[in-house]
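This report concerns only the one structure given below.
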Amino acid sequence: MTGRLKEMIIIPDGDYRVGSNSFYPEEAPVRSIHLETFAIDVAPVTNAEFARFVKETGYLTVSEQPPDPLVYPDLPADERIPESAVFIPPAPSVDRREPMAWWALVAGADWKHPQGPASGIENCMNHPVVHVAYDDALAYANWIGKRLPTADEWEVAARGGLVDQDYAWGSEMTPGGRWQANVWQGPFPWINEQTDGWYWTSPVGSYPANGYGLVDVCGNVWEWTCTLFPVPDGEQERRMIKGGSFLCAENYCHRFRPAALMGQTVDTATCHMGFRCAADSDGSVEEAISHH
């Protein structure tokens, strides 16, 4: 049995408020919703947990395989190699209106090699797993007997019982001058002052839990949800990701907040994107515990 299966929080049936009218257009308007009781993981899935899944199943993630030729029919043969997106600190002259200037598709970057083939996770087993595409998150969730949360479930859980607050801990970004999440400090994307102690990911639970006992709901890594992100006909499928990451800054991509969201193509894996699982309150959690 894994400890992970015991580490779920029950969010009760009820009426909740989600969204924000104060930041990005896609977050508005504030909405009233009703949710049935569900369970959600206390923390994002870690490297250690994902490694156990891979060891027991032999699973290969999307970033460990060449791009799908059906999705990318025009990709030259010599570019059909396993690769994933990694943040590369740009030169001071880079215009931050050009975000692709600090992202690179790195051959050999994957969940075991988060910054590229020369990197590793041996000393980061309690950090959230990254470089997982949507199907990778689904595969893990199915294996462990859970599912991915909806965007509304994720947000309600992340708010921790607070209503109409910007952050999972309240209205102030740094109450008492203390950082509450692993995010970027300094002028993004050039200088991360690391006043919170981290440049890349941090061990799960390095910051205080929210009112429901969940950790890392803001910053550290973006998290997949199962909710579709609306796109024009003919565009590749996207799912909503929530929570922001260690690359989010107050002066750029101020999305380390429960209401924040982005749409991500389902075959995308990056160095700042992970997930946590959810479950229905119909006995599936107890059944999963009995089988693992």
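Just so we're on the same page: first chain in the structure tokens is A, next is B, and so on; residues restart at 1 for each chain, and ligands are numbered from 1 in the order they show up.
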**OP:** Considering only C-alpha atoms, return as a PyMOL selection string whatever protein or nucleic-acid residues lie within 8 Å of Trp103 of chain A, sequence-local ones (same chain, fewer than 2 positions apart) excluded.
**Re:** chain A and resi 85-88+99-101+105
Take the selection from the previous step and output its residues with N, CA and C atoms, as a PDB file, in the first residue's frame.
```pdb
ATOM      1  N   ALA A  85       9.757  20.453 -23.571  1.00  0.00           N
ATOM      2  CA  ALA A  85      10.008  21.890 -23.423  1.00  0.00           C
ATOM      3  C   ALA A  85      10.690  22.208 -22.092  1.00  0.00           C
ATOM      4  N   VAL A  86      11.791  22.949 -22.182  1.00  0.00           N
ATOM      5  CA  VAL A  86      12.579  23.326 -21.006  1.00  0.00           C
ATOM      6  C   VAL A  86      12.784  24.840 -21.009  1.00  0.00           C
ATOM      7  N   PHE A  87      12.663  25.443 -19.836  1.00  0.00           N
ATOM      8  CA  PHE A  87      12.935  26.862 -19.686  1.00  0.00           C
ATOM      9  C   PHE A  87      14.436  27.104 -19.769  1.00  0.00           C
ATOM     10  N   ILE A  88      14.834  28.030 -20.639  1.00  0.00           N
ATOM     11  CA  ILE A  88      16.239  28.406 -20.794  1.00  0.00           C
ATOM     12  C   ILE A  88      16.360  29.893 -20.484  1.00  0.00           C
ATOM     13  N   PRO A  99       7.631  35.081 -25.768  1.00  0.00           N
ATOM     14  CA  PRO A  99       7.882  34.007 -24.790  1.00  0.00           C
ATOM     15  C   PRO A  99       8.640  32.813 -25.330  1.00  0.00           C
ATOM     16  N   MET A 100       8.582  32.567 -26.632  1.00  0.00           N
ATOM     17  CA  MET A 100       9.317  31.420 -27.156  1.00  0.00           C
ATOM     18  C   MET A 100      10.823  31.628 -27.064  1.00  0.00           C
ATOM     19  N   ALA A 101      11.241  32.844 -26.735  1.00  0.00           N
ATOM     20  CA  ALA A 101      12.671  33.126 -26.612  1.00  0.00           C
ATOM     21  C   ALA A 101      13.290  32.428 -25.410  1.00  0.00           C
ATOM     22  N   LEU A 105      12.720  23.194 -27.144  1.00  0.00           N
ATOM     23  CA  LEU A 105      12.472  21.756 -27.177  1.00  0.00           C
ATOM     24  C   LEU A 105      13.821  21.059 -27.077  1.00  0.00           C
TER      25      LEU A 105
END
```
Original post:
If we count only C-alpha atoms, what is near segment 58-61 of chain A at a cut-off of 12 Å, once residues fewer than 2 positions away on the same chain are taken out, given as a PyMOL selection string?
Top reply: chain A and resi 50-56+63-67+82-84+108-112+129-140+143+267-269
**OP:** as a PyMOL selection string, list the residues of segment 84-287 of chain A assigned to strand (DSSP E or B) by DSSP on the backbone atoms of this structure.
**Re:** chain A and resi 84-87+103-107+110+113+128+147+167+170+184+222-228+238-242+249+252+261-265+270+273-274+278-280
Same residues, N, CA and C atoms, saved as a compact mmCIF listing (two decimals), in the first residue's frame:
```txt
# COMPACT_ATOMS: atom_id res chain seq x y z
N SER A 84 11.24 17.52 -25.11
CA SER A 84 10.26 18.18 -24.27
C SER A 84 10.69 19.62 -24.02
N ALA A 85 9.76 20.45 -23.57
CA ALA A 85 10.01 21.89 -23.42
C ALA A 85 10.69 22.21 -22.09
N VAL A 86 11.79 22.95 -22.18
CA VAL A 86 12.58 23.33 -21.01
C VAL A 86 12.78 24.84 -21.01
N PHE A 87 12.66 25.44 -19.84
CA PHE A 87 12.94 26.86 -19.69
C PHE A 87 14.44 27.10 -19.77
N TRP A 103 11.95 29.39 -24.17
CA TRP A 103 11.58 27.98 -24.18
C TRP A 103 12.30 27.27 -25.31
N ALA A 104 12.73 26.06 -25.04
CA ALA A 104 13.40 25.26 -26.07
C ALA A 104 12.93 23.82 -25.98
N LEU A 105 12.72 23.19 -27.14
CA LEU A 105 12.47 21.76 -27.18
C LEU A 105 13.82 21.06 -27.08
N VAL A 106 14.04 20.37 -25.98
CA VAL A 106 15.34 19.77 -25.69
C VAL A 106 15.25 18.25 -25.86
N ALA A 107 16.06 17.73 -26.77
CA ALA A 107 16.10 16.28 -26.98
C ALA A 107 16.60 15.61 -25.70
N ASP A 110 12.92 14.78 -20.19
CA ASP A 110 11.72 14.02 -19.84
C ASP A 110 11.58 14.01 -18.33
N HIS A 113 14.72 13.44 -16.57
CA HIS A 113 15.78 14.40 -16.91
C HIS A 113 15.14 15.76 -17.12
N PRO A 128 7.59 17.44 -7.27
CA PRO A 128 6.54 17.01 -8.20
C PRO A 128 7.12 16.54 -9.52
N ARG A 147 -8.75 9.60 -10.78
CA ARG A 147 -9.01 10.33 -12.00
C ARG A 147 -8.38 11.71 -11.87
N TYR A 167 -5.52 34.61 -3.34
CA TYR A 167 -4.58 33.51 -3.17
C TYR A 167 -5.16 32.40 -2.30
N GLY A 170 -5.15 33.85 1.23
CA GLY A 170 -5.79 35.11 1.56
C GLY A 170 -5.61 36.16 0.49
N TRP A 184 8.43 32.86 -9.00
CA TRP A 184 9.59 33.64 -9.45
C TRP A 184 9.64 34.98 -8.74
N TRP A 222 2.37 23.83 -12.65
CA TRP A 222 1.03 23.81 -13.19
C TRP A 222 0.47 22.40 -13.07
N GLU A 223 -0.86 22.28 -12.96
CA GLU A 223 -1.46 20.96 -12.80
C GLU A 223 -2.57 20.74 -13.83
N TRP A 224 -2.53 19.57 -14.46
CA TRP A 224 -3.56 19.20 -15.43
C TRP A 224 -4.91 19.02 -14.76
N THR A 225 -5.97 19.43 -15.45
CA THR A 225 -7.33 19.04 -15.09
C THR A 225 -7.95 18.37 -16.31
N CYS A 226 -9.10 17.74 -16.12
CA CYS A 226 -9.74 17.05 -17.24
C CYS A 226 -10.66 17.97 -18.04
N THR A 227 -10.77 19.23 -17.65
CA THR A 227 -11.71 20.16 -18.29
C THR A 227 -11.17 20.66 -19.62
N LEU A 228 -11.99 20.56 -20.65
CA LEU A 228 -11.60 21.06 -21.97
C LEU A 228 -11.47 22.57 -21.96
N ARG A 238 -7.12 21.05 -26.27
CA ARG A 238 -6.45 21.61 -25.09
C ARG A 238 -7.25 21.28 -23.84
N ARG A 239 -6.55 21.14 -22.73
CA ARG A 239 -7.18 20.98 -21.43
C ARG A 239 -6.71 22.10 -20.51
N MET A 240 -7.53 22.42 -19.54
CA MET A 240 -7.17 23.49 -18.60
C MET A 240 -6.11 23.00 -17.63
N ILE A 241 -5.13 23.86 -17.41
CA ILE A 241 -4.17 23.63 -16.34
C ILE A 241 -4.35 24.75 -15.31
N LYS A 242 -4.03 24.44 -14.07
CA LYS A 242 -4.34 25.35 -12.97
C LYS A 242 -3.14 25.49 -12.03
N ALA A 249 5.47 34.97 -12.12
CA ALA A 249 5.94 36.12 -11.35
C ALA A 249 4.84 37.16 -11.25
N TYR A 252 4.85 39.14 -14.30
CA TYR A 252 4.61 38.44 -15.57
C TYR A 252 3.93 37.12 -15.26
N LEU A 261 -5.98 30.15 -14.85
CA LEU A 261 -6.01 28.96 -15.70
C LEU A 261 -5.35 29.28 -17.03
N MET A 262 -4.94 28.23 -17.71
CA MET A 262 -4.45 28.32 -19.07
C MET A 262 -4.93 27.09 -19.83
N GLY A 263 -4.95 27.17 -21.15
CA GLY A 263 -5.26 26.01 -21.97
C GLY A 263 -3.98 25.44 -22.54
N GLN A 264 -3.76 24.15 -22.36
CA GLN A 264 -2.53 23.52 -22.83
C GLN A 264 -2.87 22.37 -23.78
N THR A 265 -2.16 22.32 -24.91
CA THR A 265 -2.36 21.21 -25.84
C THR A 265 -2.03 19.90 -25.14
N THR A 270 6.21 19.88 -20.25
CA THR A 270 7.18 20.93 -19.96
C THR A 270 7.83 20.69 -18.60
N MET A 273 5.22 21.52 -15.42
CA MET A 273 3.83 21.07 -15.45
C MET A 273 3.71 19.66 -14.91
N GLY A 274 2.82 19.48 -13.91
CA GLY A 274 2.59 18.19 -13.31
C GLY A 274 1.11 17.96 -13.10
N ALA A 278 -7.77 13.09 -8.33
CA ALA A 278 -9.01 13.23 -7.58
C ALA A 278 -9.73 11.89 -7.61
N ALA A 279 -10.85 11.81 -6.91
CA ALA A 279 -11.66 10.59 -6.91
C ALA A 279 -13.08 10.94 -6.52
N ASP A 280 -14.03 10.17 -7.02
CA ASP A 280 -15.42 10.35 -6.62
C ASP A 280 -15.62 9.79 -5.22
```
**OP:** Could you jot down the atom CA of Pro92 of chain A to atom CA of Gln185 of chain A separation for me, Å, one decimal place?
**Re:** 16.2 Å
Original post:
Mind pulling up the distance from atom CA of Asn47 of chain A to atom CA of His127 of chain A?
Top reply: 6.1 Å
Original post:
So, counting only C-alpha atoms, which residue among A:Leu247, A:Cys253, A:Ala259, A:Ile11 is closest to Gly213 of chain A?
Top reply: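 Among A:Leu247, A:Cys253, A:Ala259, A:Ile11, it is A:Ile11 that comes nearest to Gly213 of chain A.
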